[in-house]
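**Q** If you scroll down you'll find the structure; I have some questions about it.
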Amino acid sequence: MYETTYHRPSSIDEAAALFAKGKDAKYLAGGHTLIPVMKQRLAGPSDVIDLGKIKDLVGVEVSADAVTIKAATTHYDVAGSGPVQKAIPALAHLASLIGDPAVRYRGTIGGSIANNDPAADYPAAVLALGATIKTNKRSIAADDFFKGLFATALQGGEIITAVSFRIPAKAGYAKFPHPASRFALTGVFVARTKSGDVRVAATGASSSGVMRVPAIEAALKANWSPGALDGVRIAADGLLTDIQGSSAYRANLIKVMAQRAVEHAG
Amino acid sequence: MSTVKLTVNGKTVSADVEDRTLLVHLLRDHLNLTGTHIGCDTSQCGACIVHIDGRAVKSCTVLVGQANDANVTTIEGIAKGDELHPMQAAFRDNHGLQCGYCTPGMIMSAIDIVHRYGGKLDEATVRHELEGNICRCTGYHNIVKSVLDAAGRMKVAQAAE
Amino acid sequence: MGVEGIGASVVRKEDRRFITGKGRYVDDIKLQGMTHAHFVRSPHAHAKVMSIDSSAAMKMPGVVGVLTGQQIVDDKVGNLICGWAITSKDGTPMKMGAWPAMAPETVRFVGQAVAVVIAETKNQAKDAAEAVVVNYQELPAAADIRAAIKPGAPQLHPEAPGNVIFDWTIGDEAAVKDAFSKAANVVSLELTNNRLVPNAMEPRAAIAEYNEAEEHFTLYTTSQNPHVARLVLSAFYNIAQEHKLRVIAPDVGGGFGSKIYIYPEEMVALWASKKVRRPVKWTGDRSEAFLTDAHGRDHISKAEMAFDKDDRILGLRVTTHANLGAYMSLFSSAVPTYLYATLLSGQYNIPAIHAEVITVYTNTVPVDAYRGAGRPEASFLVERLMETAARQLKVDPAELRRKNFITQFPHQTPVIMAYDIGDFGASLDAALKAIDYAGFPARKAKAKSEGKLRGIGFSCYIEACGIAPSKAVGSLGAGVGLWESAEVRVNPVGTIEVLTGSHSHGQGHETTFAQLVSERLGVPISQVQIVHGDTDKVQFGMGTYGSRSLAVGGTAIIKAMEKVEAKGKKIAAHLLEASEGDIVIENGEFKVTGTDKSIALPMVALAAYTAHNLPDGMEPGLKETAFYDPTNFTFPAGAYICELEVDPGTGKTSFVNFVAADDFGRLINPMIVEGQVHGGLAQGIGQALLEGAVYDSSGQLVTASFMDYTMPRADDLPSFKLNHTPTLCPGNPLGVKGCGEAGAIGASAAVINAITDAIGNNKLEMPATPDRVWHAIHGNAA
């Protein structure tokens with residue numbers, strides 16, 4: 001790891017000001033993405049600005065139609081949150097599948113989404129639930145947020161403050177983990193809104209990151225059941241091939257995981 | 001360079017270290033607490049697991065600054081004098097270790113699992129919860145046995161308190 | 001047996017330090033004035049080193065020195081060697097290419113060191129290593145066996161045209177040809193034995209200290225055999241003379257073979273400590289371990305088995321290509337030859353066997369012994385063939401095996417080995433019972449109704465352990481003898497120290513060896529200290545690998561105790577005024593048989609050291625040394641049966657049951673033995689389902705971290721059901737055979753046999769990832 005300067009601001013404004021002052025600053029929340037990258041010397045930020053201790057960035061709020069998770073809330077706290085489990089059980093379930101227990105104690109939703117790893121779990125929920133990403137500057141719709149491999153709509157210095165999920169009528173998440181890294185080899189989040197619209201997002205399958213799956217959305221809109229997907233074929237074009245799975249295999253997993261997500265949707 | 005101050009195994013400690021210092025290196029190199037090990041460089045193996053404010057975390061993925069003011073417990077801090085922690089005793093009695101290298105992280109992780117699940121642990125849950133700890137020697141068979149055994153012992157100990 | 005003697009599952013003496021964080025591994029050690037080393041490693045699989053400019057690095061903060069491969073050559077440090085000579089079928093010796101500890105001219109695998117930076121801190125050394133400018137001229141690479149043996153392939157070493165190291169054969173080719181000409185059925189298979197990364201949890205490390213006044217070196221290192229390290233470092237690498245080099249292997253966090261070898265990093269640390277006149281520490285990180293620890297396996301084989309009309313085996317023909325990587329590691333040549341092809345008879349009566357083994361250089365890290373070493377490859381091949389034959393011949397796989405089992409002992413196979421004893425049928429019966437084989441068809445049908453594909457697979461393995469009779473291995477090309485030594489010291493107050501040349505890095509020797517002493521001399525194990533891992537303390541030793549420590553090292557302890565007893569009896573007889581022949585030893589007492597006269601061991605010891613009243617001419621003291629050379633290998637064997645389910649939607653395999661029935665001879669500590677089996681099974685299952693080192697065609701390691709190389713985790717594995725069907729080994733006084741490698745040797749075939757049974761497709765390579773299994777079910781077009 002290269003030498004750096006660590007900061008622990010106590011407010012969002014202070015964090016943004018520190019970022020502006022730094023030559024090549026980076027935000028850190030749980031640190032479970034940034035620190036491994038720094039250890040490999042693939043990142044050498046001049047300043048590391050710790051958002052994890054900013055009180056305004058931690059916590060969960062649930063209203064009649066939305067679950068809002070503040071950006072520095074850990075996966076463990078989301079997975080174990082009674083209100084989240086009640087409002088969107090699939091979201092709590094997803095959080096309980098990220099990494100391993102020690103990682104879930106540190107990793108945060110804001111960090112996961114800002115990084116937009118193509119095999120991360122949270123982006124699938126954000127996209128399928130049509131969530132709104134709130135920053136210290138604006139609100140960004142999920143459809144406008146993810147911009148491909150490790151890229152997002154965030155501008156330099158912009159801080160995610162919370163992610164707001166509309167509560168769906170039904171939602172489910174099924175993940176087939178990468179056997180080594182335990183990221184998603186393919187994970188599929190399915191959601192049916194209260195108005196009957198269906199959105200489905202897959203992560204881990206495509207090198208350009210999380211993606212909608214229109215063929216499955218159409219089939220589930222017509223008939224919300226695992227069997228509705230029996231005849232659906234997902235094209236392998238554009239999907240990842242690596243030692244753990246061919247594109248054909250990942251195409252199959254999108255369908256199978258979608259079926260299992262629907263089966264267990266709550 | 002920064003000065004960090006934290007509580008480790010009940011004692012307040014401070015050190016002047018580079019900001020890039022990881023908690024595991026503070027423990028091993030500056031505080032001579034070498035029971036916490038390093039088995040990988042990708043936050044996977046769990047040999048470095050310690051408790052920060054009661055939660056089992058990977059100390060190889062925590063900058064010392066993040067641990068400033070925190071309460072850290074390491075493998076050296078869980079026995080009461082000569083009396084082993086029930087998890088330590090269970091690992092010994094069930095042959096839950098061989099080379100001993102992953103063991104400190106395994107034990108710190110396992111204590112956290114029992115804290116979270118109490119007596120509601122079964123084999124499948126223990127196996128799933130040990131996802132973040134890699135052992136190359138035991139095939140996990142006796143580690144799982146140890147954790148289940150310790151869960152019972154910790155319940156008894158708790159009831160006695 | 002006593003409560004702490006042979007057969008008792010005593011909890012381990014060594015555990016307290018490990019569970020309290022007080023173990024002492026190499027990286028835990030700090031020396032006064034210690035510096036830190038970081039290596040500059042090649043990013044290319046094959047390249048010429050055109051220049052190295054360390055001027056900028058030398059100016060970095062904390063840098064003590066930057067040393068290069070040319071300097072190590074100039075200082076006449078020897079090249080790394082392979083210590084086992086193999087001769088090709090045409091009579092020519094194996095073709096060993098030069099392997100300098102740091103490459104002065106050519107790098108041949110990604111991660112090979114070209115220079116080292118020594119600095120005050122590890123971070124400073126890493127910072128400065130980035131400032132060392134190395135100018136490479138890239139060369140085309142051959143990253144696997146097929147690429148290396150293709151006509152026109154890039155050549156690694158001028159000594160080895162066509163990248164072939166040797167082309168070796170064993171067995172009777174004509175007899176095999178004859179057997180196949182008479183065959184009613186022939187079963188054939190092409191197999192890949194996947195390349196593995198050992199990944200002991202403790203990465204390798206070394207601390208070297210040079211004492212200028214004494215011209216003496218001390219090396220703390222992660223070694224399974226510190227005396228062998230000292231021998232090789234002095235005799236071949238010219239680092240120091242043996243009496244001027246102390247090698248200490250303290251607590252070592254697992255080895256599995258990978259810590260047998262003397263690696264460039266230890267050599268460089270020693271050499272550099274004299275150069276910079278400061279202690280030098282190098283601790284590898286996991287990424288370096290992936291790139292530089294010797295890998296295991298990596299065979300491609302063709303195998304054919306001939307059967308008569310009654311399903312009896314007539315002959316076996318095997319051709320194997322083995323990848324040895326870019327250089328020949330210490331035991332690399334022995335692994336695919338004498339540790340592999342000599343076990344191709346398996347548990348079966350096979351009248352004729354012929355095997356040809358061609359070893360190949362590739363632009364990958366060297367390959368050497370990894371848990372099982374050659375024997376897993378042999379067992380996998382034989383047991384895949386047997387299962388395939390059962391399917392092809394439409395006979396029950398258990399019955400086909402039983403029909404061909406060797407039942408008369410001793411049994412001379414056509415490939416050198418003389419099996420001393422065994423009862424293969426007993427192991428198979430125990431395993432069949434444990435898994436309820438009769439109930440399997442009903443369970444399979446039920447699983448089918450639930451949408452799951454259920455399969456069952458067998459593996460009846462045999463291995464040769466207790467390595468090894470020195471004369472035998474010497475005649476086969478080994479550069480060293482493979483005996484073991486022990487010294488038993490009875491202290492004046494009756495406590496006992498045992499100095500052993502075996503090295504424990506997880507095996508529990510401190511307990512098992514103490515149990516041998518407790519059994520024999522009647523002292524509690526708390527009064528016994530096992531000393532190992534330090535060349536200044538222990539007389540000599542060949543170390544721990546090949547499941548040899550108990551059969552060879554334990555027997556050496558027995559032999560030393562026999563000498564102690566003999567002397568003790570003389571002293572006791574003298575003190576008790578009895579005849580030496582009337583003295584018996586019971587529960588730590590020397591007794592005059594048929595009387596109530598006795599004297600306790602501590603009193604005998606005290607008499608030996610005070611020497612006030614010893615028999616005339618007897619030397620004082622009570623400590624004895626024995627060097628034990630075994631007369632034969634030992635032959636642990638057993639039957640593994642695996643039952644599992646495959647999810648046809650994802651190709652994912654889940655275990656239903658895994659049973660083992662092993663014959664390890666006498667068990668000293670059953671708890672420790674079972675722990676060894678568990679660990680071995682995990683590595684065998686890991687090879688079958690999860691693990692595989694993959695290089696891309698340019699020679700970059702794709703699986704270079706735990707993010708990409710799948711280590712078995714708790715939720716990948718089942719709990720195991722173990723059974724023991726011992727026959728006592730006649731070759732050593734303990735009747736023991738060795739248990740450290742069995743699981744890794746036998747498990748992989750059982751798993752693959754079960755999956756192929758479940759999916760009804762016999763074509764499946766290891767690791768059988770969900771992707772591969774799914775494709776095997778649905779075809780590539782799916």
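Residue numbering restarts at 1 in every chain; chains get A, B, ... in the order shown in the structure tokens, and ligands count up from 1 in that same order.
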Got a sec: who's within 12 Å of Ala159 of chain B, counting only C-alpha atoms, leaving out chain neighbours fewer than 6 positions off, as a PyMOL selection string?

**A** chain B and resi 118-119+152-153

**Q** Can you list, as a PyMOL selection string, every protein, DNA or RNA residue that comes within 9 Å of Arg20 of chain B when you count only C-alpha atoms, leaving out same-chain residues fewer than 6 positions away?

**A** (chain A and resi 1-6) or (chain B and resi 1+63-65)

**Q** Could I get the residues of segment 22-134 of chain B with an atom no further than 12 Å from an atom of segment 98-106 of chain A, each paired with its nearest atom pair and that distance in Å to one decimal, using only C-alpha atoms, sorted by chain and residue number, as JSON lines?

**A**
{"residue": "B:Thr42", "atom": "CA", "partner": "A:Val103", "partner_atom": "CA", "distance": 11.6}
{"residue": "B:Ser43", "atom": "CA", "partner": "A:Val103", "partner_atom": "CA", "distance": 8.3}
{"residue": "B:Gln44", "atom": "CA", "partner": "A:Asp100", "partner_atom": "CA", "distance": 8.7}
{"residue": "B:Cys45", "atom": "CA", "partner": "A:Asp100", "partner_atom": "CA", "distance": 10.4}
{"residue": "B:Gly46", "atom": "CA", "partner": "A:Ala102", "partner_atom": "CA", "distance": 8.2}
{"residue": "B:Ala47", "atom": "CA", "partner": "A:Ala102", "partner_atom": "CA", "distance": 11.5}
{"residue": "B:Cys48", "atom": "CA", "partner": "A:Ala102", "partner_atom": "CA", "distance": 10.6}
{"residue": "B:Ile49", "atom": "CA", "partner": "A:Ala102", "partner_atom": "CA", "distance": 7.9}
{"residue": "B:Val50", "atom": "CA", "partner": "A:Ala102", "partner_atom": "CA", "distance": 9.6}
{"residue": "B:His51", "atom": "CA", "partner": "A:Ala102", "partner_atom": "CA", "distance": 9.7}
{"residue": "B:Ile52", "atom": "CA", "partner": "A:Tyr105", "partner_atom": "CA", "distance": 9.9}
{"residue": "B:Asp53", "atom": "CA", "partner": "A:Tyr105", "partner_atom": "CA", "distance": 11.0}
{"residue": "B:Gly54", "atom": "CA", "partner": "A:Tyr105", "partner_atom": "CA", "distance": 10.6}
{"residue": "B:Arg55", "atom": "CA", "partner": "A:Tyr105", "partner_atom": "CA", "distance": 7.1}
{"residue": "B:Ala56", "atom": "CA", "partner": "A:Ala102", "partner_atom": "CA", "distance": 5.7}
{"residue": "B:Val57", "atom": "CA", "partner": "A:Ala102", "partner_atom": "CA", "distance": 4.6}
{"residue": "B:Lys58", "atom": "CA", "partner": "A:Ala102", "partner_atom": "CA", "distance": 6.2}
{"residue": "B:Ser59", "atom": "CA", "partner": "A:Ala102", "partner_atom": "CA", "distance": 9.7}
{"residue": "B:Cys60", "atom": "CA", "partner": "A:Ala102", "partner_atom": "CA", "distance": 11.3}
{"residue": "B:Thr61", "atom": "CA", "partner": "A:Val103", "partner_atom": "CA", "distance": 9.2}
{"residue": "B:Val62", "atom": "CA", "partner": "A:Arg106", "partner_atom": "CA", "distance": 9.0}
{"residue": "B:Gln66", "atom": "CA", "partner": "A:Arg106", "partner_atom": "CA", "distance": 10.8}
{"residue": "B:Ala67", "atom": "CA", "partner": "A:Arg106", "partner_atom": "CA", "distance": 11.9}
{"residue": "B:Gly105", "atom": "CA", "partner": "A:Ala102", "partner_atom": "CA", "distance": 10.7}
{"residue": "B:Met106", "atom": "CA", "partner": "A:Ala102", "partner_atom": "CA", "distance": 11.4}
{"residue": "B:Met108", "atom": "CA", "partner": "A:Ala102", "partner_atom": "CA", "distance": 10.5}
{"residue": "B:Ser109", "atom": "CA", "partner": "A:Ala102", "partner_atom": "CA", "distance": 7.9}
{"residue": "B:Ala110", "atom": "CA", "partner": "A:Pro101", "partner_atom": "CA", "distance": 10.7}
{"residue": "B:Asp112", "atom": "CA", "partner": "A:Pro101", "partner_atom": "CA", "distance": 9.3}
{"residue": "B:Ile113", "atom": "CA", "partner": "A:Pro101", "partner_atom": "CA", "distance": 8.7}
{"residue": "B:Arg116", "atom": "CA", "partner": "A:Pro101", "partner_atom": "CA", "distance": 10.6}
{"residue": "B:Thr125", "atom": "CA", "partner": "A:Pro101", "partner_atom": "CA", "distance": 12.0}
{"residue": "B:Val126", "atom": "CA", "partner": "A:Pro101", "partner_atom": "CA", "distance": 11.5}
{"residue": "B:Arg127", "atom": "CA", "partner": "A:Asp100", "partner_atom": "CA", "distance": 11.6}
{"residue": "B:His128", "atom": "CA", "partner": "A:Asp100", "partner_atom": "CA", "distance": 8.8}
{"residue": "B:Glu129", "atom": "CA", "partner": "A:Pro101", "partner_atom": "CA", "distance": 6.6}
{"residue": "B:Leu130", "atom": "CA", "partner": "A:Asp100", "partner_atom": "CA", "distance": 7.9}
{"residue": "B:Glu131", "atom": "CA", "partner": "A:Asp100", "partner_atom": "CA", "distance": 5.7}
{"residue": "B:Gly132", "atom": "CA", "partner": "A:Asp100", "partner_atom": "CA", "distance": 5.0}
{"residue": "B:Asn133", "atom": "CA", "partner": "A:Asp100", "partner_atom": "CA", "distance": 8.7}
{"residue": "B:Ile134", "atom": "CA", "partner": "A:Asp100", "partner_atom": "CA", "distance": 11.5}

**Q** So which one's closest to chain C, B:His115, B:Lys80, B:Lys155, B:Arg28? Using only C-alpha atoms, please.

**A**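 Among the listed residues, the smallest separation from chain C belongs to B:Arg28.
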
**Q** Run DSSP on the backbone and grab whatever in segment 162-214 of chain A lands in strand (DSSP E or B); send it over as a PyMOL selection string.

**A** chain A and resi 162-166+170-177+184-192+198-203+206+211-212

**Q** Generate a file of the selected residues that holds N, CA and C atoms, formatted as a compact mmCIF listing (two decimals), in the first residue's frame.

**A**
# COMPACT_ATOMS: atom_id res chain seq x y z
N ALA A 162 -27.85 8.27 0.60
CA ALA A 162 -28.85 7.24 0.90
C ALA A 162 -29.36 6.63 -0.40
N VAL A 163 -29.95 5.47 -0.25
CA VAL A 163 -30.63 4.84 -1.38
C VAL A 163 -32.06 4.57 -0.94
N SER A 164 -33.01 5.02 -1.76
CA SER A 164 -34.41 4.88 -1.40
C SER A 164 -35.08 3.87 -2.34
N PHE A 165 -35.66 2.85 -1.75
CA PHE A 165 -36.30 1.78 -2.53
C PHE A 165 -37.81 1.89 -2.36
N ARG A 166 -38.53 1.96 -3.47
CA ARG A 166 -40.00 1.86 -3.36
C ARG A 166 -40.37 0.44 -2.95
N LYS A 170 -44.14 -7.57 -4.67
CA LYS A 170 -43.39 -8.83 -4.49
C LYS A 170 -41.95 -8.60 -4.98
N ALA A 171 -41.03 -9.23 -4.30
CA ALA A 171 -39.65 -9.17 -4.80
C ALA A 171 -38.89 -10.39 -4.31
N GLY A 172 -37.90 -10.80 -5.10
CA GLY A 172 -37.07 -11.93 -4.70
C GLY A 172 -35.68 -11.78 -5.26
N TYR A 173 -34.72 -12.39 -4.58
CA TYR A 173 -33.34 -12.38 -5.08
C TYR A 173 -32.75 -13.77 -4.95
N ALA A 174 -32.17 -14.27 -6.03
CA ALA A 174 -31.46 -15.55 -5.98
C ALA A 174 -30.08 -15.35 -6.56
N LYS A 175 -29.11 -15.91 -5.86
CA LYS A 175 -27.72 -15.69 -6.24
C LYS A 175 -27.01 -17.03 -6.40
N PHE A 176 -26.28 -17.17 -7.49
CA PHE A 176 -25.37 -18.30 -7.61
C PHE A 176 -23.98 -17.74 -7.40
N PRO A 177 -23.36 -18.06 -6.24
CA PRO A 177 -22.10 -17.39 -5.92
C PRO A 177 -20.93 -17.93 -6.74
N ALA A 184 -21.31 -12.53 -6.98
CA ALA A 184 -22.32 -13.24 -7.77
C ALA A 184 -21.71 -13.74 -9.07
N LEU A 185 -21.75 -15.06 -9.30
CA LEU A 185 -21.43 -15.55 -10.64
C LEU A 185 -22.59 -15.09 -11.54
N THR A 186 -23.77 -15.22 -10.98
CA THR A 186 -24.95 -14.56 -11.53
C THR A 186 -25.98 -14.44 -10.40
N GLY A 187 -26.51 -13.25 -10.24
CA GLY A 187 -27.57 -13.04 -9.27
C GLY A 187 -28.71 -12.31 -9.96
N VAL A 188 -29.92 -12.69 -9.64
CA VAL A 188 -31.07 -12.07 -10.31
C VAL A 188 -32.06 -11.56 -9.26
N PHE A 189 -32.42 -10.30 -9.40
CA PHE A 189 -33.43 -9.69 -8.53
C PHE A 189 -34.69 -9.46 -9.36
N VAL A 190 -35.81 -10.00 -8.88
CA VAL A 190 -37.09 -9.81 -9.58
C VAL A 190 -38.01 -8.98 -8.68
N ALA A 191 -38.76 -8.05 -9.30
CA ALA A 191 -39.67 -7.21 -8.51
C ALA A 191 -40.93 -6.92 -9.29
N ARG A 192 -42.05 -7.01 -8.59
CA ARG A 192 -43.34 -6.63 -9.19
C ARG A 192 -43.85 -5.46 -8.37
N VAL A 198 -43.24 -5.10 -13.84
CA VAL A 198 -42.20 -6.04 -13.42
C VAL A 198 -40.84 -5.55 -13.90
N ARG A 199 -39.90 -5.54 -12.97
CA ARG A 199 -38.52 -5.20 -13.35
C ARG A 199 -37.61 -6.32 -12.84
N VAL A 200 -36.69 -6.71 -13.71
CA VAL A 200 -35.75 -7.80 -13.37
C VAL A 200 -34.34 -7.33 -13.71
N ALA A 201 -33.43 -7.52 -12.75
CA ALA A 201 -32.03 -7.12 -12.99
C ALA A 201 -31.11 -8.28 -12.66
N ALA A 202 -30.09 -8.43 -13.51
CA ALA A 202 -29.10 -9.50 -13.29
C ALA A 202 -27.73 -8.88 -13.08
N THR A 203 -27.01 -9.44 -12.10
CA THR A 203 -25.64 -9.00 -11.86
C THR A 203 -24.70 -10.19 -12.03
N SER A 206 -22.81 -10.04 -16.91
CA SER A 206 -22.31 -9.25 -18.03
C SER A 206 -21.09 -8.44 -17.61
N MET A 211 -27.63 -5.46 -15.32
CA MET A 211 -28.45 -5.20 -16.52
C MET A 211 -29.89 -5.65 -16.29
N ARG A 212 -30.79 -4.98 -16.98
CA ARG A 212 -32.19 -5.43 -16.99
C ARG A 212 -32.30 -6.64 -17.90

**Q** For a quick test of understanding: name the residues of chain C lying within 8 Å of chain B when counting only C-alpha atoms, and present them as number ranges by chain.

**A** C: 11-12, 15-16, 18-23, 28, 199-203, 251-254, 285-287, 505-508, 671-672, 675-676, 678-683, 705-707, 711-715, 717-720

**Q** For Gly533 of chain C, work out the shell of residues within 7 Å, counting only C-alpha atoms and skipping chain neighbours fewer than 5 positions away, then give it as a PyMOL selection string.

**A** chain C and resi 226+248-250+503

**Q** When the cut-off is 6 Å and we count only C-alpha atoms, which residues of chain A are near chain C, given as a PyMOL selection string?

**A** chain A and resi 180-181+245

**Q** In Å, rounded to a single decimal, give me how far atom CA of Ser427 of chain C is from atom CA of Tyr338 of chain C.

**A**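 According to the coordinates, atom CA of Tyr338 of chain C and atom CA of Ser427 of chain C are separated by 25.7 Å.
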